[in-house]
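What follows is the content of final-v5.cif, which has mmCIF, C-alpha atoms and all ligand atoms:
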```
data_input
#
loop_
_atom_site.label_atom_id
_atom_site.label_comp_id
_atom_site.auth_asym_id
_atom_site.auth_seq_id
_atom_site.Cartn_x
_atom_site.Cartn_y
_atom_site.Cartn_z
CA MET A 88 28.58 6.29 -13.94
CA ARG A 89 25.79 4.80 -11.86
CA ARG A 90 22.84 7.12 -11.42
CA LYS A 91 22.07 7.72 -7.76
CA LEU A 92 18.81 6.43 -6.31
CA VAL A 93 17.08 7.65 -3.14
CA VAL A 94 14.15 5.56 -1.89
CA GLY A 95 11.80 6.51 0.94
CA ASN A 96 10.58 3.48 2.90
CA TRP A 97 7.53 4.69 4.78
CA LYS A 98 7.14 1.39 6.65
CA LEU A 99 3.88 1.09 8.62
CA ASN A 100 3.10 4.81 8.67
CA GLY A 101 0.57 7.15 7.14
CA ASN A 102 -3.11 7.60 6.48
CA LEU A 103 -5.00 9.18 3.61
CA ALA A 104 -4.87 12.69 5.05
CA ARG A 105 -1.23 12.65 6.13
CA ASN A 106 -0.15 11.02 2.89
CA LYS A 107 -1.97 13.66 0.90
CA ALA A 108 0.08 16.39 2.54
CA LEU A 109 3.44 14.58 2.26
CA LEU A 110 2.86 13.33 -1.29
CA GLY A 111 1.81 16.83 -2.34
CA GLU A 112 5.15 18.17 -1.12
CA VAL A 113 7.05 15.33 -2.78
CA ARG A 114 5.18 15.94 -6.02
CA VAL A 115 6.07 19.62 -6.12
CA GLY A 116 9.59 19.54 -4.71
CA GLY A 117 10.79 15.94 -4.66
CA PHE A 118 12.26 15.70 -8.12
CA VAL A 119 15.92 16.63 -8.33
CA GLU A 120 18.24 16.62 -11.32
CA GLY A 121 20.34 13.55 -12.01
CA VAL A 122 18.87 11.30 -9.30
CA ASP A 123 16.15 8.65 -9.32
CA ILE A 124 13.74 9.21 -6.44
CA ALA A 125 11.10 6.75 -5.26
CA VAL A 126 8.69 6.44 -2.36
CA CYS A 127 7.36 3.17 -0.94
CA PRO A 128 4.12 3.68 0.98
CA PRO A 129 2.16 0.80 2.52
CA PHE A 130 0.21 -1.31 -0.03
CA PRO A 131 -3.22 0.28 0.54
CA TYR A 132 -1.85 3.72 -0.32
CA LEU A 133 -0.01 2.83 -3.53
CA GLN A 134 -2.92 3.92 -5.66
CA GLN A 135 -3.18 7.24 -3.84
CA ALA A 136 0.57 7.79 -4.15
CA GLY A 137 0.54 6.82 -7.83
CA ASP A 138 -2.25 9.28 -8.54
CA VAL A 139 -0.57 12.19 -6.74
CA LEU A 140 2.92 11.50 -8.11
CA SER A 141 1.88 10.80 -11.68
CA GLY A 142 3.93 12.93 -14.08
CA SER A 143 6.18 14.28 -11.29
CA GLY A 144 9.19 12.12 -12.14
CA VAL A 145 9.13 10.61 -8.63
CA LEU A 146 8.73 6.84 -8.88
CA LEU A 147 6.69 4.42 -6.85
CA GLY A 148 7.79 1.30 -5.01
CA ALA A 149 6.30 -1.31 -2.68
CA GLN A 150 7.74 -2.46 0.63
CA ASP A 151 7.41 -6.14 -0.19
CA VAL A 152 6.16 -8.44 -2.95
CA SER A 153 4.69 -11.93 -2.94
CA ALA A 154 6.73 -14.85 -4.24
CA TYR A 155 3.51 -15.92 -6.00
CA GLN A 156 1.88 -14.50 -9.11
CA GLU A 157 -1.77 -15.27 -8.37
CA GLY A 158 -4.07 -17.80 -6.79
CA ALA A 159 -5.07 -19.00 -3.33
CA TYR A 160 -2.52 -17.03 -1.27
CA THR A 161 -4.60 -15.02 1.19
CA GLY A 162 -3.08 -11.71 2.17
CA GLU A 163 -0.40 -11.65 -0.52
CA VAL A 164 0.23 -8.87 -3.05
CA SER A 165 1.81 -9.96 -6.32
CA GLY A 166 4.35 -8.35 -8.63
CA PRO A 167 1.85 -7.96 -11.49
CA MET A 168 -0.55 -6.17 -9.10
CA LEU A 169 2.21 -3.76 -8.12
CA VAL A 170 3.04 -3.10 -11.75
CA ASP A 171 -0.68 -2.52 -12.37
CA LEU A 172 -0.58 0.21 -9.72
CA GLY A 173 2.42 1.88 -11.32
CA CYS A 174 5.23 0.54 -9.15
CA SER A 175 8.75 0.42 -10.53
CA TYR A 176 10.47 -0.98 -7.43
CA ALA A 177 9.82 -3.52 -4.68
CA ILE A 178 11.85 -3.70 -1.50
CA VAL A 179 12.62 -7.34 -0.76
CA GLY A 180 14.08 -8.97 2.35
CA HIS A 181 14.12 -5.92 4.59
CA SER A 182 15.61 -6.90 7.95
CA GLU A 183 12.25 -6.23 9.63
CA ARG A 184 10.64 -8.82 7.33
CA ARG A 185 13.48 -11.24 8.00
CA SER A 186 13.50 -10.85 11.78
CA LEU A 187 9.83 -10.15 12.60
CA PHE A 188 8.09 -12.16 9.90
CA GLY A 189 10.42 -15.10 9.51
CA GLU A 190 11.55 -14.48 5.94
CA THR A 191 14.36 -16.85 5.09
CA ASP A 192 17.08 -16.32 2.51
CA SER A 193 15.32 -18.74 0.19
CA ARG A 194 11.97 -16.92 0.54
CA VAL A 195 13.76 -13.65 -0.19
CA ALA A 196 15.31 -15.20 -3.31
CA SER A 197 11.86 -16.36 -4.50
CA LYS A 198 10.52 -12.86 -4.04
CA VAL A 199 13.42 -11.39 -5.99
CA GLY A 200 12.62 -13.82 -8.81
CA ALA A 201 8.93 -12.89 -8.70
CA ALA A 202 9.71 -9.17 -8.77
CA LEU A 203 12.04 -9.55 -11.75
CA ALA A 204 9.51 -11.72 -13.60
CA ALA A 205 6.88 -8.99 -13.14
CA GLY A 206 9.24 -6.32 -14.49
CA LEU A 207 9.87 -4.67 -11.13
CA THR A 208 13.32 -3.69 -9.92
CA PRO A 209 13.91 -5.51 -6.64
CA ILE A 210 15.72 -3.58 -3.92
CA VAL A 211 17.23 -6.43 -1.94
CA CYS A 212 18.22 -5.63 1.62
CA VAL A 213 21.21 -7.29 3.20
CA GLY A 214 23.07 -6.57 6.40
CA GLU A 215 24.49 -7.93 9.60
CA SER A 216 23.34 -7.59 13.21
CA HIS A 217 25.35 -5.82 15.87
CA SER A 218 26.65 -9.02 17.39
CA GLN A 219 27.60 -10.41 13.98
CA ARG A 220 29.66 -7.27 13.35
CA GLU A 221 31.22 -7.51 16.80
CA HIS A 222 32.22 -11.10 16.05
CA GLY A 223 33.80 -10.14 12.73
CA GLU A 224 31.11 -11.96 10.76
CA ALA A 225 29.60 -9.03 8.84
CA GLU A 226 31.03 -9.94 5.43
CA GLN A 227 30.24 -13.62 5.86
CA VAL A 228 26.60 -12.86 6.69
CA VAL A 229 26.16 -10.49 3.77
CA ALA A 230 27.89 -12.90 1.38
CA ALA A 231 25.50 -15.71 2.40
CA GLN A 232 22.47 -13.45 1.89
CA LEU A 233 23.69 -12.57 -1.61
CA GLU A 234 24.68 -16.14 -2.43
CA SER A 235 21.16 -17.48 -1.91
CA ILE A 236 19.87 -14.99 -4.48
CA VAL A 237 22.64 -15.62 -6.99
CA ALA A 238 22.14 -19.37 -6.68
CA ALA A 239 18.40 -19.18 -7.34
CA ILE A 240 18.16 -16.68 -10.17
CA ASP A 241 19.37 -16.46 -13.76
CA ILE A 242 22.60 -14.47 -13.51
CA LYS A 243 21.79 -12.53 -16.65
CA LEU A 244 18.79 -10.94 -14.89
CA LEU A 245 20.74 -9.84 -11.85
CA ASP A 246 22.35 -6.74 -13.31
CA ARG A 247 18.83 -5.28 -12.85
CA LEU A 248 19.09 -5.76 -9.11
CA VAL A 249 19.44 -2.92 -6.62
CA VAL A 250 21.10 -3.94 -3.35
CA ALA A 251 20.56 -2.02 -0.11
CA TYR A 252 23.22 -2.55 2.51
CA GLU A 253 21.41 -1.98 5.78
CA PRO A 254 23.35 -2.95 8.88
CA VAL A 255 20.59 -4.02 11.27
CA TRP A 256 22.19 -2.14 14.14
CA ALA A 257 21.85 1.14 12.23
CA ILE A 258 18.16 0.87 11.32
CA GLY A 259 15.99 3.30 13.26
CA THR A 260 18.62 3.60 15.97
CA GLY A 261 20.29 6.87 15.09
CA LEU A 262 23.56 4.96 14.68
CA THR A 263 24.95 5.12 11.17
CA ALA A 264 27.75 3.11 9.67
CA THR A 265 30.65 5.45 9.01
CA PRO A 266 31.10 6.31 5.34
CA GLU A 267 34.26 4.16 5.41
CA GLN A 268 32.46 1.15 6.92
CA ALA A 269 29.66 1.45 4.37
CA GLN A 270 32.03 1.98 1.44
CA SER A 271 34.06 -1.05 2.42
CA MET A 272 30.96 -3.27 2.58
CA HIS A 273 29.67 -1.86 -0.73
CA VAL A 274 32.94 -2.79 -2.42
CA PHE A 275 32.67 -6.26 -0.88
CA ILE A 276 29.07 -6.64 -2.15
CA ARG A 277 30.07 -5.57 -5.66
CA ARG A 278 32.96 -8.01 -5.60
CA CYS A 279 30.71 -10.89 -4.39
CA LEU A 280 28.24 -10.22 -7.20
CA GLY A 281 31.03 -9.91 -9.74
CA ARG A 282 32.62 -13.18 -8.64
CA SER A 283 29.27 -14.91 -9.15
CA GLY A 284 29.15 -13.70 -12.74
CA VAL A 285 26.83 -10.71 -12.29
CA ASP A 286 27.77 -7.65 -14.32
CA SER A 287 28.15 -5.76 -11.06
CA ASP A 288 29.67 -2.48 -12.25
CA GLY A 289 26.23 -1.14 -13.06
CA VAL A 290 24.44 -2.54 -9.99
CA ARG A 291 23.36 0.22 -7.67
CA ILE A 292 24.19 -0.39 -4.03
CA LEU A 293 22.28 1.82 -1.61
CA TYR A 294 23.13 2.42 2.02
CA GLY A 295 20.34 2.32 4.61
CA GLY A 296 20.28 2.86 8.36
CA SER A 297 19.57 6.23 9.99
CA VAL A 298 20.39 8.23 6.86
CA ASN A 299 19.47 11.87 7.42
CA ALA A 300 20.17 15.34 6.08
CA GLY A 301 23.27 15.58 8.26
CA ASN A 302 25.09 12.43 7.18
CA ALA A 303 23.90 11.98 3.58
CA VAL A 304 26.56 14.17 1.93
CA GLN A 305 29.48 12.23 3.41
CA LEU A 306 27.89 8.88 2.59
CA PHE A 307 27.16 9.86 -1.01
CA ASN A 308 30.70 11.08 -1.54
CA GLU A 309 31.92 7.49 -1.26
CA LYS A 310 32.52 5.95 -4.65
CA ASP A 311 30.40 2.83 -4.22
CA ILE A 312 27.48 4.35 -2.31
CA ASP A 313 24.95 4.81 -5.07
CA GLY A 314 22.14 6.26 -2.99
CA ALA A 315 20.09 5.52 0.09
CA LEU A 316 17.13 3.60 1.43
CA VAL A 317 15.65 6.06 3.91
CA GLY A 318 13.17 5.13 6.65
CA GLY A 319 12.34 7.67 9.35
CA ALA A 320 13.74 10.68 7.52
CA SER A 321 11.53 10.01 4.49
CA LEU A 322 8.40 10.86 6.50
CA VAL A 323 9.30 14.53 6.83
CA PHE A 324 9.56 16.27 3.49
CA ASP A 325 12.35 18.74 4.28
CA GLY A 326 14.64 15.99 5.52
CA PHE A 327 13.89 13.74 2.56
CA LYS A 328 14.40 16.59 0.12
CA ALA A 329 17.78 17.44 1.68
CA ILE A 330 18.90 13.82 1.23
CA CYS A 331 17.77 13.87 -2.42
CA GLU A 332 19.66 17.13 -2.98
CA ALA A 333 22.78 15.68 -1.39
CA ALA A 334 22.56 12.81 -3.87
CA SER A 335 22.16 15.26 -6.71
CA LYS A 336 25.22 17.28 -5.63
CA ALA A 337 27.31 14.16 -5.30
CA SER A 338 26.37 13.23 -8.86
CA LEU A 339 27.70 16.44 -10.41
P1 LIG A 401 15.88 4.26 9.07
O1 LIG A 401 15.32 2.97 8.27
O2 LIG A 401 16.31 5.26 8.01
O3 LIG A 401 14.69 4.74 9.86
O4 LIG A 401 17.00 3.80 9.90
C1 LIG A 401 15.94 2.53 7.08
C2 LIG A 401 15.25 1.28 6.60
O5 LIG A 401 14.88 0.46 7.44
O6 LIG A 401 15.05 1.09 5.39
#
```

With the file now loaded, output its structure as structure tokens.
Ligand code: PGA
Amino acid sequence: MRRKLVVGNWKLNGNLARNKALLGEVRVGGFVEGVDIAVCPPFPYLQQAGDVLSGSGVLLGAQDVSAYQEGAYTGEVSGPMLVDLGCSYAIVGHSERRSLFGETDSRVASKVGAALAAGLTPIVCVGESHSQREHGEAEQVVAAQLESIVAAIDIKLLDRLVVAYEPVWAIGTGLTATPEQAQSMHVFIRRCLGRSGVDSDGVRILYGGSVNAGNAVQLFNEKDIDGALVGGASLVFDGFKAICEAASKASL
């Protein structure tokens, strides 16, 4: 059985004082039985988060990773640097990076390769926009996003991938895909990976998009929803904890 994974994506939020309070709560109460938990603060706070969370069982992730290892790439943060700071995960290809910062499928694939080469577990985000869903193109869009990764990377490495299905229309909007919609896309994603030769049975597929304490239980009860990538609700400890506990219950 795939072990559930709940990842908090803090996005562009926090400061030293606020982080100290939230990380302290996560350190004491964030660990739950049978579930992998990770938080992804902004780059400058990874060291702080690593220090506070050390020994707690809660893992650390970054919100992005450079496609480059080192050299003259001003402003970039590499996989080896993230590993140096104690990161286990790197979110790659979040829809905000794709839509606001021009990340193409091929750039996302390079970043996945760089993360894997550094020993990080990439959490690759895929998902369709509202109009793409309305036009019946959701599966086609997600398949193309996956295909560019599968085409660029040694298949044997890709069973280490985590995929986050995040319909763009559900991110930060309060709209969530229904458990049935999410489950159906998760099955499709697993099938796409499998058809490409990835050993997809063990690949964890997270759902993301307005996950909260109220909808997590139903989502996690679906067979192919292996956890969640949580934005807004990860910034308030009680909400995040409730989502982690829902994942734990669903694992029993
Ligand atoms: P949200 O964000 O939970 O605030 O919708 C999820 C994400 O963007 O990863």

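The space between CA of Glu226 in chain A and CA of Arg90 in chain A spans 25.3 Å.
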
Go through the chains and note each residue within 10 Å of ligand LIG 401 (chain A), using only C-alpha atoms and all ligand atoms, then give the set as a ChimeraX atom specification. /A:94-98,150,178,181-183,212,251-263,294-299,315-322

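Each of A:Gly162, A:Pro167, A:Gly116, A:Gly289 was checked against Val145 in chain A using only C-alpha atoms; the smallest atom-to-atom distance is that of A:Gly116.
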
Restricting the calculation to all atoms listed in the file: of A:Ser175, A:Ser153, A:Glu163, A:Ala201, which residue gets closest to Ile124 in chain A?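 The shortest atom-to-atom distance to Ile124 in chain A comes from A:Ser175.
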
Using only C-alpha atoms, which of the listed residues (A:Leu99, A:Phe307, A:Ala196, A:Phe118) sits closest to Leu339 in chain A?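 Answer, going by the shortest atom-to-atom distance: A:Phe307.
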
Within 10 Å of (-2.6, 6.2, -1.5) (coordinates as in the file), grab all the protein and nucleic acid residues, counting all atoms listed in the file, and write them out as a count of residues only. 19

Do a neighbour search on Cys174 in chain A at 6 Å with only C-alpha atoms, toss out local chain neighbours closer than 3 positions, and write the hits as a ChimeraX atom specification. /A:147-148,169-170

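CA of Ala264 in chain A to CA of Leu306 in chain A spans 9.1 Å [interatomic distance, one decimal].
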
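Picture a line from CA of Leu203 in chain A to CA of Gln270 in chain A; it runs 26.6 Å.
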
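Nearest to Ala329 in chain A of all the residues A:Ser235, A:Ala108, A:Gly189, A:Val113 is A:Val113, based on only C-alpha atoms.
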
Nearest residue to Ala334 in chain A out of A:Ser216, A:Arg277, A:Glu309, A:Ala303, using only C-alpha atoms? A:Ala303
